[in-house]
Structures are given as C-alpha cells and as structure tokens.
>>> print(open('my_file_27.txt').read())   # compact mmCIF, N, CA and C atoms
# COMPACT_ATOMS: atom_id res chain seq x y z
N ILE T 282 93.95 98.87 84.50
CA ILE T 282 94.01 97.92 83.40
C ILE T 282 95.31 97.13 83.48
N LEU T 283 96.40 97.83 83.69
CA LEU T 283 97.68 97.13 83.80
C LEU T 283 97.75 96.29 85.08
N GLY T 284 96.98 96.69 86.07
CA GLY T 284 96.97 95.98 87.34
C GLY T 284 96.42 94.57 87.23
N TYR T 285 95.54 94.33 86.26
CA TYR T 285 94.99 92.99 86.08
C TYR T 285 96.07 92.00 85.69
N TYR T 286 96.95 92.42 84.78
CA TYR T 286 98.05 91.55 84.38
C TYR T 286 98.95 91.27 85.58
N SER T 287 99.27 92.31 86.33
CA SER T 287 100.14 92.13 87.49
C SER T 287 99.49 91.24 88.54
N LEU T 288 98.20 91.44 88.76
CA LEU T 288 97.49 90.60 89.73
C LEU T 288 97.50 89.14 89.30
N ALA T 289 97.27 88.89 88.02
CA ALA T 289 97.29 87.51 87.52
C ALA T 289 98.68 86.91 87.65
N TYR T 290 99.70 87.69 87.33
CA TYR T 290 101.08 87.20 87.41
C TYR T 290 101.46 86.89 88.86
N ILE T 291 101.13 87.80 89.78
CA ILE T 291 101.45 87.58 91.19
C ILE T 291 100.69 86.36 91.72
N SER T 292 99.43 86.22 91.33
CA SER T 292 98.63 85.06 91.78
C SER T 292 99.20 83.76 91.25
N ARG T 293 99.59 83.75 89.99
CA ARG T 293 100.15 82.54 89.39
C ARG T 293 101.47 82.16 90.06
N MET T 294 102.31 83.15 90.32
CA MET T 294 103.59 82.87 90.96
C MET T 294 103.40 82.44 92.42
N THR T 295 102.43 83.05 93.11
CA THR T 295 102.14 82.65 94.49
C THR T 295 101.69 81.20 94.53
N ARG T 296 100.82 80.83 93.61
CA ARG T 296 100.35 79.44 93.55
C ARG T 296 101.51 78.49 93.28
N SER T 297 102.37 78.86 92.34
CA SER T 297 103.51 78.02 92.01
C SER T 297 104.46 77.86 93.20
N PHE T 298 104.78 78.97 93.86
CA PHE T 298 105.65 78.90 95.03
C PHE T 298 105.01 78.08 96.15
N MET T 299 103.71 78.27 96.34
CA MET T 299 103.01 77.58 97.42
C MET T 299 102.95 76.07 97.16
N LEU T 300 102.67 75.67 95.92
CA LEU T 300 102.64 74.24 95.60
C LEU T 300 104.01 73.60 95.81
N GLU T 301 105.06 74.35 95.48
CA GLU T 301 106.40 73.84 95.70
C GLU T 301 106.68 73.65 97.19
N GLN T 302 106.27 74.61 98.01
CA GLN T 302 106.50 74.51 99.45
C GLN T 302 105.65 73.42 100.09
N LEU T 303 104.40 73.28 99.63
CA LEU T 303 103.51 72.30 100.24
C LEU T 303 103.95 70.86 99.99
N SER T 304 104.83 70.66 99.02
CA SER T 304 105.33 69.31 98.78
C SER T 304 106.65 69.05 99.51
N SER T 305 107.08 70.00 100.32
CA SER T 305 108.35 69.86 101.05
C SER T 305 108.17 68.96 102.27
N GLU T 306 109.30 68.44 102.74
CA GLU T 306 109.28 67.51 103.87
C GLU T 306 108.89 68.19 105.18
N TYR T 307 109.29 69.44 105.37
CA TYR T 307 108.96 70.09 106.64
C TYR T 307 107.46 70.35 106.74
N ILE T 308 106.76 70.50 105.62
CA ILE T 308 105.30 70.66 105.64
C ILE T 308 104.66 69.34 106.04
N THR T 309 105.18 68.24 105.50
CA THR T 309 104.67 66.92 105.89
C THR T 309 104.89 66.69 107.38
N THR T 310 106.05 67.09 107.88
CA THR T 310 106.34 66.94 109.30
C THR T 310 105.37 67.76 110.15
N ALA T 311 105.07 68.98 109.72
CA ALA T 311 104.14 69.83 110.47
C ALA T 311 102.74 69.23 110.48
N ARG T 312 102.34 68.63 109.37
CA ARG T 312 101.02 67.98 109.32
C ARG T 312 100.97 66.75 110.22
N VAL T 313 102.07 65.98 110.22
CA VAL T 313 102.13 64.77 111.05
C VAL T 313 102.10 65.13 112.53
N LYS T 314 102.67 66.27 112.89
CA LYS T 314 102.65 66.72 114.28
C LYS T 314 101.26 67.13 114.73
N GLY T 315 100.32 67.23 113.80
CA GLY T 315 98.95 67.54 114.16
C GLY T 315 98.57 69.01 114.07
N LEU T 316 99.41 69.81 113.43
CA LEU T 316 99.06 71.22 113.26
C LEU T 316 97.90 71.35 112.29
N SER T 317 97.08 72.36 112.51
CA SER T 317 95.94 72.56 111.60
C SER T 317 96.46 72.99 110.22
N GLU T 318 95.65 72.73 109.21
CA GLU T 318 96.05 73.06 107.84
C GLU T 318 96.27 74.57 107.70
N TRP T 319 95.45 75.36 108.39
CA TRP T 319 95.59 76.81 108.34
C TRP T 319 96.95 77.24 108.90
N THR T 320 97.36 76.64 110.00
CA THR T 320 98.65 76.97 110.60
C THR T 320 99.79 76.54 109.70
N VAL T 321 99.66 75.37 109.11
CA VAL T 321 100.71 74.87 108.22
C VAL T 321 100.88 75.82 107.03
N ILE T 322 99.77 76.25 106.47
CA ILE T 322 99.85 77.11 105.28
C ILE T 322 100.34 78.51 105.64
N THR T 323 99.74 79.12 106.67
CA THR T 323 100.07 80.51 106.96
C THR T 323 101.43 80.69 107.61
N ARG T 324 101.77 79.84 108.56
CA ARG T 324 103.03 80.02 109.27
C ARG T 324 104.21 79.40 108.55
N HIS T 325 104.04 78.18 108.10
CA HIS T 325 105.19 77.46 107.56
C HIS T 325 105.37 77.71 106.06
N ALA T 326 104.35 77.43 105.28
CA ALA T 326 104.50 77.54 103.82
C ALA T 326 104.59 79.00 103.38
N PHE T 327 103.63 79.82 103.80
CA PHE T 327 103.64 81.22 103.36
C PHE T 327 104.84 81.97 103.92
N GLY T 328 105.27 81.59 105.10
CA GLY T 328 106.45 82.23 105.68
C GLY T 328 107.70 82.03 104.85
N ASN T 329 107.77 80.92 104.14
CA ASN T 329 108.95 80.65 103.32
C ASN T 329 108.85 81.18 101.91
N ILE T 330 107.67 81.59 101.47
CA ILE T 330 107.59 82.15 100.11
C ILE T 330 107.54 83.67 100.11
N ARG T 331 107.55 84.28 101.28
CA ARG T 331 107.47 85.75 101.34
C ARG T 331 108.60 86.43 100.58
N VAL T 332 109.82 85.94 100.74
CA VAL T 332 110.96 86.57 100.08
C VAL T 332 110.82 86.46 98.56
N GLN T 333 110.39 85.31 98.08
CA GLN T 333 110.19 85.15 96.64
C GLN T 333 109.08 86.07 96.15
N LEU T 334 108.03 86.23 96.94
CA LEU T 334 106.93 87.11 96.54
C LEU T 334 107.35 88.57 96.50
N ILE T 335 108.26 88.96 97.37
CA ILE T 335 108.75 90.34 97.34
C ILE T 335 109.39 90.64 96.00
N THR T 336 110.18 89.71 95.49
CA THR T 336 110.81 89.88 94.19
C THR T 336 109.77 89.98 93.09
N VAL T 337 108.79 89.10 93.11
CA VAL T 337 107.75 89.10 92.08
C VAL T 337 106.96 90.40 92.11
N ILE T 338 106.62 90.87 93.29
CA ILE T 338 105.83 92.10 93.40
C ILE T 338 106.65 93.31 92.96
N ALA T 339 107.92 93.36 93.32
CA ALA T 339 108.76 94.48 92.89
C ALA T 339 108.90 94.51 91.38
N LEU T 340 109.06 93.34 90.77
CA LEU T 340 109.16 93.30 89.31
C LEU T 340 107.84 93.65 88.64
N SER T 341 106.73 93.30 89.26
CA SER T 341 105.44 93.63 88.66
C SER T 341 105.17 95.13 88.74
N TYR T 342 105.63 95.78 89.81
CA TYR T 342 105.51 97.24 89.86
C TYR T 342 106.34 97.89 88.76
N ALA T 343 107.49 97.31 88.48
CA ALA T 343 108.31 97.84 87.39
C ALA T 343 107.60 97.71 86.06
N SER T 344 106.93 96.59 85.83
CA SER T 344 106.19 96.44 84.57
C SER T 344 104.99 97.37 84.51
N LEU T 345 104.39 97.70 85.65
CA LEU T 345 103.32 98.69 85.67
C LEU T 345 103.83 100.05 85.21
N LEU T 346 105.02 100.40 85.65
CA LEU T 346 105.60 101.67 85.25
C LEU T 346 105.93 101.68 83.76
N GLU T 347 106.39 100.55 83.25
CA GLU T 347 106.69 100.46 81.82
C GLU T 347 105.43 100.61 80.98
N GLY T 348 104.34 100.00 81.42
CA GLY T 348 103.10 100.06 80.66
C GLY T 348 102.32 101.34 80.83
N SER T 349 102.78 102.20 81.72
CA SER T 349 102.04 103.44 81.96
C SER T 349 102.06 104.35 80.75
N VAL T 350 103.09 104.28 79.94
CA VAL T 350 103.17 105.13 78.75
C VAL T 350 102.00 104.86 77.83
N LEU T 351 101.77 103.62 77.51
CA LEU T 351 100.67 103.25 76.62
C LEU T 351 99.31 103.60 77.23
N THR T 352 99.14 103.31 78.49
CA THR T 352 97.86 103.60 79.15
C THR T 352 97.58 105.10 79.19
N GLU T 353 98.58 105.88 79.49
CA GLU T 353 98.39 107.33 79.56
C GLU T 353 98.07 107.92 78.20
N ILE T 354 98.66 107.39 77.16
CA ILE T 354 98.38 107.91 75.82
C ILE T 354 96.98 107.50 75.37
N ILE T 355 96.60 106.25 75.59
CA ILE T 355 95.29 105.78 75.14
C ILE T 355 94.17 106.52 75.86
N PHE T 356 94.27 106.68 77.16
CA PHE T 356 93.20 107.30 77.93
C PHE T 356 93.39 108.81 78.14
N ALA T 357 94.43 109.37 77.54
CA ALA T 357 94.73 110.81 77.63
C ALA T 357 94.86 111.27 79.08
N TRP T 358 95.52 110.46 79.89
CA TRP T 358 95.78 110.82 81.27
C TRP T 358 97.15 111.49 81.35
N PRO T 359 97.26 112.55 82.11
CA PRO T 359 98.59 113.15 82.27
C PRO T 359 99.44 112.31 83.22
N GLY T 360 100.69 112.18 82.88
CA GLY T 360 101.59 111.40 83.72
C GLY T 360 102.98 111.41 83.13
N ILE T 361 103.89 110.68 83.76
CA ILE T 361 105.28 110.68 83.32
C ILE T 361 105.43 110.05 81.94
N GLY T 362 104.62 109.04 81.65
CA GLY T 362 104.70 108.40 80.33
C GLY T 362 104.29 109.32 79.21
N SER T 363 103.18 110.01 79.37
CA SER T 363 102.74 110.94 78.32
C SER T 363 103.67 112.15 78.26
N TYR T 364 104.25 112.54 79.38
CA TYR T 364 105.21 113.64 79.40
C TYR T 364 106.44 113.29 78.56
N ILE T 365 106.98 112.10 78.76
CA ILE T 365 108.16 111.69 78.00
C ILE T 365 107.82 111.55 76.52
N THR T 366 106.64 111.00 76.21
CA THR T 366 106.24 110.84 74.81
C THR T 366 106.08 112.20 74.13
N THR T 367 105.44 113.14 74.79
CA THR T 367 105.28 114.48 74.23
C THR T 367 106.64 115.15 74.05
N ALA T 368 107.54 114.95 75.00
CA ALA T 368 108.88 115.53 74.88
C ALA T 368 109.64 114.90 73.72
N LEU T 369 109.46 113.62 73.50
CA LEU T 369 110.11 112.96 72.36
C LEU T 369 109.59 113.51 71.04
N LEU T 370 108.28 113.68 70.94
CA LEU T 370 107.68 114.17 69.70
C LEU T 370 108.07 115.62 69.41
N SER T 371 108.32 116.40 70.45
CA SER T 371 108.71 117.80 70.23
C SER T 371 110.23 117.98 70.29
N ALA T 372 110.97 116.89 70.34
CA ALA T 372 112.44 116.87 70.34
C ALA T 372 113.03 117.67 71.51
N ASP T 373 112.40 117.59 72.66
CA ASP T 373 112.90 118.25 73.87
C ASP T 373 113.73 117.23 74.64
N MET T 374 115.02 117.16 74.31
CA MET T 374 115.87 116.12 74.87
C MET T 374 116.11 116.29 76.37
N ASN T 375 116.11 117.51 76.85
CA ASN T 375 116.29 117.71 78.30
C ASN T 375 115.12 117.10 79.07
N ALA T 376 113.91 117.28 78.56
CA ALA T 376 112.73 116.71 79.22
C ALA T 376 112.75 115.18 79.13
N VAL T 377 113.19 114.66 77.99
CA VAL T 377 113.28 113.20 77.83
C VAL T 377 114.29 112.63 78.82
N LEU T 378 115.44 113.26 78.92
CA LEU T 378 116.46 112.78 79.85
C LEU T 378 116.00 112.91 81.30
N GLY T 379 115.33 114.01 81.61
CA GLY T 379 114.81 114.19 82.97
C GLY T 379 113.77 113.14 83.31
N GLY T 380 112.85 112.87 82.38
CA GLY T 380 111.83 111.84 82.60
C GLY T 380 112.45 110.46 82.74
N THR T 381 113.48 110.20 81.95
CA THR T 381 114.17 108.91 82.03
C THR T 381 114.86 108.75 83.38
N VAL T 382 115.45 109.83 83.87
CA VAL T 382 116.10 109.79 85.18
C VAL T 382 115.06 109.52 86.28
N VAL T 383 113.90 110.16 86.17
CA VAL T 383 112.84 109.94 87.17
C VAL T 383 112.38 108.49 87.16
N VAL T 384 112.16 107.94 85.96
CA VAL T 384 111.73 106.54 85.86
C VAL T 384 112.82 105.62 86.40
N GLY T 385 114.07 105.89 86.06
CA GLY T 385 115.18 105.09 86.59
C GLY T 385 115.28 105.18 88.10
N LEU T 386 115.04 106.37 88.64
CA LEU T 386 115.07 106.55 90.08
C LEU T 386 113.97 105.75 90.77
N VAL T 387 112.81 105.69 90.15
CA VAL T 387 111.71 104.88 90.71
C VAL T 387 112.10 103.41 90.73
N PHE T 388 112.71 102.91 89.63
CA PHE T 388 113.17 101.52 89.59
C PHE T 388 114.19 101.24 90.69
N VAL T 389 115.14 102.14 90.85
CA VAL T 389 116.17 101.95 91.88
C VAL T 389 115.55 101.95 93.27
N CYS T 390 114.63 102.88 93.52
CA CYS T 390 113.96 102.94 94.83
C CYS T 390 113.16 101.67 95.11
N LEU T 391 112.49 101.14 94.08
CA LEU T 391 111.76 99.88 94.26
C LEU T 391 112.70 98.74 94.62
N ASN T 392 113.85 98.68 93.96
CA ASN T 392 114.82 97.62 94.26
C ASN T 392 115.40 97.77 95.66
N VAL T 393 115.71 98.99 96.07
CA VAL T 393 116.23 99.21 97.42
C VAL T 393 115.18 98.84 98.46
N PHE T 394 113.93 99.24 98.20
CA PHE T 394 112.85 98.91 99.12
C PHE T 394 112.65 97.40 99.23
N SER T 395 112.74 96.69 98.10
CA SER T 395 112.59 95.24 98.16
C SER T 395 113.76 94.60 98.91
N ASP T 396 114.97 95.15 98.76
CA ASP T 396 116.11 94.64 99.53
C ASP T 396 115.92 94.86 101.03
N LEU T 397 115.35 96.00 101.40
CA LEU T 397 115.07 96.25 102.82
C LEU T 397 114.01 95.29 103.34
N LEU T 398 113.02 95.00 102.51
CA LEU T 398 112.00 94.03 102.92
C LEU T 398 112.58 92.63 103.07
N TYR T 399 113.58 92.27 102.24
CA TYR T 399 114.25 90.98 102.40
C TYR T 399 114.81 90.86 103.81
N ARG T 400 115.51 91.88 104.23
CA ARG T 400 116.14 91.85 105.56
C ARG T 400 115.10 91.78 106.67
N PHE T 401 113.96 92.38 106.44
CA PHE T 401 112.91 92.37 107.46
C PHE T 401 112.25 91.00 107.55
N PHE T 402 111.99 90.36 106.41
CA PHE T 402 111.24 89.10 106.39
C PHE T 402 112.10 87.85 106.45
N ASP T 403 113.37 87.94 106.08
CA ASP T 403 114.21 86.76 106.01
C ASP T 403 115.23 86.78 107.15
N PRO T 404 115.08 85.90 108.13
CA PRO T 404 116.03 85.90 109.25
C PRO T 404 117.45 85.54 108.83
N ARG T 405 117.59 84.81 107.73
CA ARG T 405 118.94 84.46 107.27
C ARG T 405 119.69 85.71 106.81
N ALA T 406 118.99 86.65 106.20
CA ALA T 406 119.64 87.89 105.77
C ALA T 406 120.07 88.73 106.97
N ARG T 407 119.26 88.72 108.03
CA ARG T 407 119.64 89.45 109.25
C ARG T 407 120.82 88.78 109.93
N ALA T 408 120.89 87.46 109.89
CA ALA T 408 121.99 86.73 110.52
C ALA T 408 123.30 87.03 109.80
N ASP T 409 123.26 87.24 108.48
CA ASP T 409 124.47 87.57 107.74
C ASP T 409 125.02 88.93 108.15
N ASP T 410 124.15 89.85 108.53
CA ASP T 410 124.60 91.18 108.96
C ASP T 410 125.29 91.14 110.31
N ASP T 411 124.92 90.20 111.16
CA ASP T 411 125.49 90.12 112.51
C ASP T 411 126.93 89.63 112.49
N ASP T 412 127.31 88.89 111.46
CA ASP T 412 128.67 88.32 111.40
C ASP T 412 129.71 89.33 111.08
>>> encode(input="my_file_27.txt", output="structure tokens")
Amino acid sequence: ILGYYSLAYISRMTRSFMLEQLSSEYITTARVKGLSEWTVITRHAFGNIRVQLITVIALSYASLLEGSVLTEIIFAWPGIGSYITTALLSADMNAVLGGTVVVGLVFVCLNVFSDLLYRFFDPRARADDDD
C-alpha cells in the first residue's frame, strides 16, 4: 500500500528529471548527430539523471519505513513499527529506544548505500577521489 505512493513519487520525479534533461543542448546535439531516440534517451538523458534518482529512491525507502507503523497497526502485521508502538503503550522505554536505534540504523545504512551508488554511477565523484 505504501509502495504505491513511492512508485508514483519516483515516477513523477523521473518524468520531471527526464523532461529537464531532454531540453538540454547536449540532447539536441545527439539528435542532430543522427543518434536514434532510444540511444539518446537511454544513454545520454537517463545516464545523467541516475544520480538524482538514487536520492529520490533512497528518500522514498525512508518514507516507506516511516509509514510502516501505521500499516502494521491497521493490518495487524508484526514488525518494527508495531513493536515500537506496543512498547510505547506498555511504557517499555528500553524497547522503544532499541527500536528507535534500529530504525535510525536503517536510515543511516540507506544513506551510506546511496552514497556508494553515487560513486559507482557518477564519474565525477570517482574523479574527485583520485585527486
């Protein structure tokens, strides 16, 4: 259920980034050189929006984790969100703090993973490391 919102958000941002790139001068140059539209879109335009999409996807995963509390309670699914909620209602502060640390750790891991993906997909980031 929460995935639908994330999918719509990622799709909307992809469209926005792609429209911005397709109006760039280097795209016009690639078209004038006679490259096929598929090559222009996949190699040139999509290649330049990958880094922006990594940020959008990482943030959407974070919002999925935030919304998991409500989803787990409504559908009575066991998970970290319902665990923290139950611990709050029973005043078990150690469990609340532990759950909060786990959620925070997931956020940090997502951010580190997205930073590693930046270096993999963006040659400019790799060039900065060589200096």
>>> residues_around(input="my_file_27.txt", residues="stretch 358-364 of chain T", least_positions_apart="6", cutoff="8 Å", atoms="all atoms listed in the file", output="list in words")
Leu346, Glu347, Gly348, Ser349, Val350, Leu351, Thr352, Leu370, Ala376, Val377, Gly380 and Val384 of chain T
>>> atom_distance(input="my_file_27.txt", atom1="atom C of T:Leu386", atom2="atom C of T:Ser292")
26.5 Å
>>> closest_residue(input="my_file_27.txt", among="T:Glu301, T:Phe356, T:Ile365, T:Ile335", to="T:Gly379", atoms="only N, CA and C atoms")
T:Ile365
>>> residues_around(input="my_file_27.txt", residues="T:Thr295", least_positions_apart="5", cutoff="9 Å", atoms="only C-alpha atoms", output="ChimeraX atom specification")
/T:290,300,330,333-334,337
>>> residues_around(input="my_file_27.txt", residues="T:Ile322", least_positions_apart="4", cutoff="9 Å", atoms="only C-alpha atoms", output="short mmCIF file (atom, residue, chain, number, x, y, z; two decimals) with N, CA and C atoms, in the coordinates of the input")
data_model
loop_
_atom_site.label_atom_id
_atom_site.label_comp_id
_atom_site.auth_asym_id
_atom_site.auth_seq_id
_atom_site.Cartn_x
_atom_site.Cartn_y
_atom_site.Cartn_z
N MET T 299 103.71 78.27 96.34
CA MET T 299 103.01 77.58 97.42
C MET T 299 102.95 76.07 97.16
N LEU T 303 104.40 73.28 99.63
CA LEU T 303 103.51 72.30 100.24
C LEU T 303 103.95 70.86 99.99
N ILE T 308 106.76 70.50 105.62
CA ILE T 308 105.30 70.66 105.64
C ILE T 308 104.66 69.34 106.04
N SER T 317 97.08 72.36 112.51
CA SER T 317 95.94 72.56 111.60
C SER T 317 96.46 72.99 110.22
N GLU T 318 95.65 72.73 109.21
CA GLU T 318 96.05 73.06 107.84
C GLU T 318 96.27 74.57 107.70
N ALA T 326 104.35 77.43 105.28
CA ALA T 326 104.50 77.54 103.82
C ALA T 326 104.59 79.00 103.38
N PHE T 327 103.63 79.82 103.80
CA PHE T 327 103.64 81.22 103.36
C PHE T 327 104.84 81.97 103.92
N GLY T 328 105.27 81.59 105.10
CA GLY T 328 106.45 82.23 105.68
C GLY T 328 107.70 82.03 104.85
#
>>> atom_distance(input="my_file_27.txt", atom1="atom N of T:Val332", atom2="atom N of T:Arg296")
12.6 Å
>>> atom_distance(input="my_file_27.txt", atom1="atom CA of T:Phe394", atom2="atom CA of T:Leu378")
24.0 Å
>>> select_by_dssp(input="my_file_27.txt", residues="chain T", states="alpha helix (DSSP H)", output="VMD selection string")
chain T and resid 283 to 303 306 to 313 318 to 320 327 to 356 361 to 370 374 to 402 404 to 411
